[in-house]
Structures are given as C-alpha cells and as structure tokens.
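This report refers to the structure that appears directly beneath it.
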Amino acid sequence: MSTIVKGVKRAMAGEYSRELFAKVFAGQCRLIELGFRQGGPAGYGLRRVLIDQGGSVKSELARGEHKSLQTDRVILVPGPDSEVATVQRIYRWFIDDGRSESEIAARLNAEGSRTDLGRDWTRATVREVLTCASLSRTSAPGPGVCGSARGEHDLSPVGAGHRPRRQGPHRVGVPAPRLRWMSAAARRA
C-alpha cells in the first residue's frame, strides 16, 4: 500500500515540477521579448544597467553584481567609447575587409588592445563579438537593445537585424529573422 502512495506522490511532484517549469519559462520569455536581460555577463562593448519599474536608470551593475529587487530589470547599454570603437572596427575588418577571426585577433593584439577581462584577443573572443546578437542589432526600439530605452545606439556597422556569418569561403552579413531583433513594442506598432 505505501509503495502505491509513494508512486502517486512522485507522479504528483513530477507534474508540479513540469507545470512550474512551464510558468517560469513563459515568464522569462516574456521579459526577454520586452528587451530585458535575463542573466550572464554583458560582453565586450556592452554594460549591464539596472532600471526601476518606471524605466529610470538606477545604476550600472559591475561584473558579478545582481539586482536586489524583484521589480528592477536589467538592460544592456553601450560600454566605453573605446570598446564601442573596437567593436565597430572588428565588424568593419570582418565584413568589409574580409579578414578572418584569427587575423582580427592578431591585429588587435598587435595594437595592444585587450578584452574586457584584460586578456589577449583570440579567435574565439573575436567570434563572440561577431556573433553577439545584442551587438548586431541596430536602431531597434525598446529597452535593452544596445542602448537606451529607445534603442538609439548603433554599435555595429552591419545594419539593422543583420549578424555576421560565414557562408562557404565568403563572409557576409546575413539577415536575422525580423521578429528576433525587433522589440515587442515595435512588433505591436
């Protein structure tokens, strides 16, 4: 008898866990669609900023810092001008000049440039910059899209909704699906 009860309780716990996961996942998806950051480091050329319920900036979050109030949100904004300029040069070298990720890393290291962690550039760190969806978005309205609440900032010269991608021997900017880079407010308009 007790094994049957245990089995039923396990099944109920499993169902509760699945339902809770679905609710949490849906909530996180909604916040992402609204342009809010859900976690992880900002990446090179970006900073995490804490905003309150009304959308006013409270402070910039340092690496490892977390928000303390449930009603606060985190968005990404452009980092220091020097990092923004480096990001733009990386895109220009990759898209316009056709340089490989390794060539770009070698060039940045030769200039004495360092990553946001103070390390040498590698092919992988250059690729992180090139494939960062937040950096390749431009002029998309809404919070957290590489800029202010209006999303005015343009960190990459690739163009709105484009991300760099290799196709065979060529390196080109490939259009990202429009709904992936548009904010929820822009989709409703």
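Residues are named by chain letter and number: chains run A, B, ... in the order of the structure tokens, numbers start at 1 in each chain, and ligands are numbered from 1 in the order shown.
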>> Using only C-alpha atoms, which protein or nucleic acid residues come within 10 Å of A:Asp120? Drop anything in the same chain fewer than 5 positions from it, and give the result as number ranges by chain.
In response: A: 105-106, 108-110, 112-115, 125
Would you write out, as JSON lines, a table of all residues in stretch 74-106 of chain A that have an atom no more than 10 Å from an atom of stretch 27-41 of chain A, listing for each the closest atom pair and the distance in Å to one decimal, considering only C-alpha atoms and ordering rows by chain and rising residue number?
{"residue": "A:Val74", "atom": "CA", "partner": "A:Arg37", "partner_atom": "CA", "distance": 5.3}
{"residue": "A:Ile75", "atom": "CA", "partner": "A:Phe36", "partner_atom": "CA", "distance": 5.2}
{"residue": "A:Leu76", "atom": "CA", "partner": "A:Arg37", "partner_atom": "CA", "distance": 7.0}
Taking the backbone alone, and naming residues the way the document does, which bits of stretch 74-130 of chain A are strand (DSSP E) by DSSP, as a PDB file with C-alpha atoms, in the first residue's frame?
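After the write, out01.pdb holds the following:
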ATOM      1  CA  VAL A  74      18.497  44.809 -16.287  1.00  0.00           C
ATOM      2  CA  ILE A  75      19.169  46.154 -19.781  1.00  0.00           C
ATOM      3  CA  LEU A  76      22.290  46.359 -21.931  1.00  0.00           C
ATOM      4  CA  VAL A  77      23.780  49.706 -22.921  1.00  0.00           C
ATOM      5  CA  PRO A  78      26.907  50.583 -24.903  1.00  0.00           C
TER       6      PRO A  78
END
>> Using DSSP secondary structure from the backbone, list all alpha helix (DSSP H) positions within stretch 17-148 of chain A, as a PyMOL selection string.
In response: chain A and resi 17-33+81-95+101-111+123-131+133-136
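Closest to A:Gly43 among A:Thr3, A:Glu83, A:Lys58, A:Ile95 is A:Glu83, based on only C-alpha atoms.
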> Quick one: distance from atom CA of A:Ser82 to atom CA of A:Asp116 in Å, one decimal?
Replying inline: 11.0 Å
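Distances from A:Arg48, A:Arg63, A:Arg123, A:Arg73 to A:Glu103 were compared using only C-alpha atoms, and the smallest one belongs to A:Arg123.
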> What gap, in Å, lies between atom CA of A:Arg107 and atom CA of A:Ile90?
Replying inline: 9.8 Å
> Can you list, as an MDAnalysis selection string, every protein, DNA or RNA residue that comes within 12 Å of A:Glu101 when you count only C-alpha atoms, leaving out same-chain residues fewer than 6 positions away?
Replying inline: chainID A and resid 90:95 107:108 121:131 164:166 171
> Of the candidates A:Ala13, A:Val5, A:Ala62, A:Val87, which one gets nearest to A:Ala42 if we count only C-alpha atoms?
Replying inline: A:Ala62
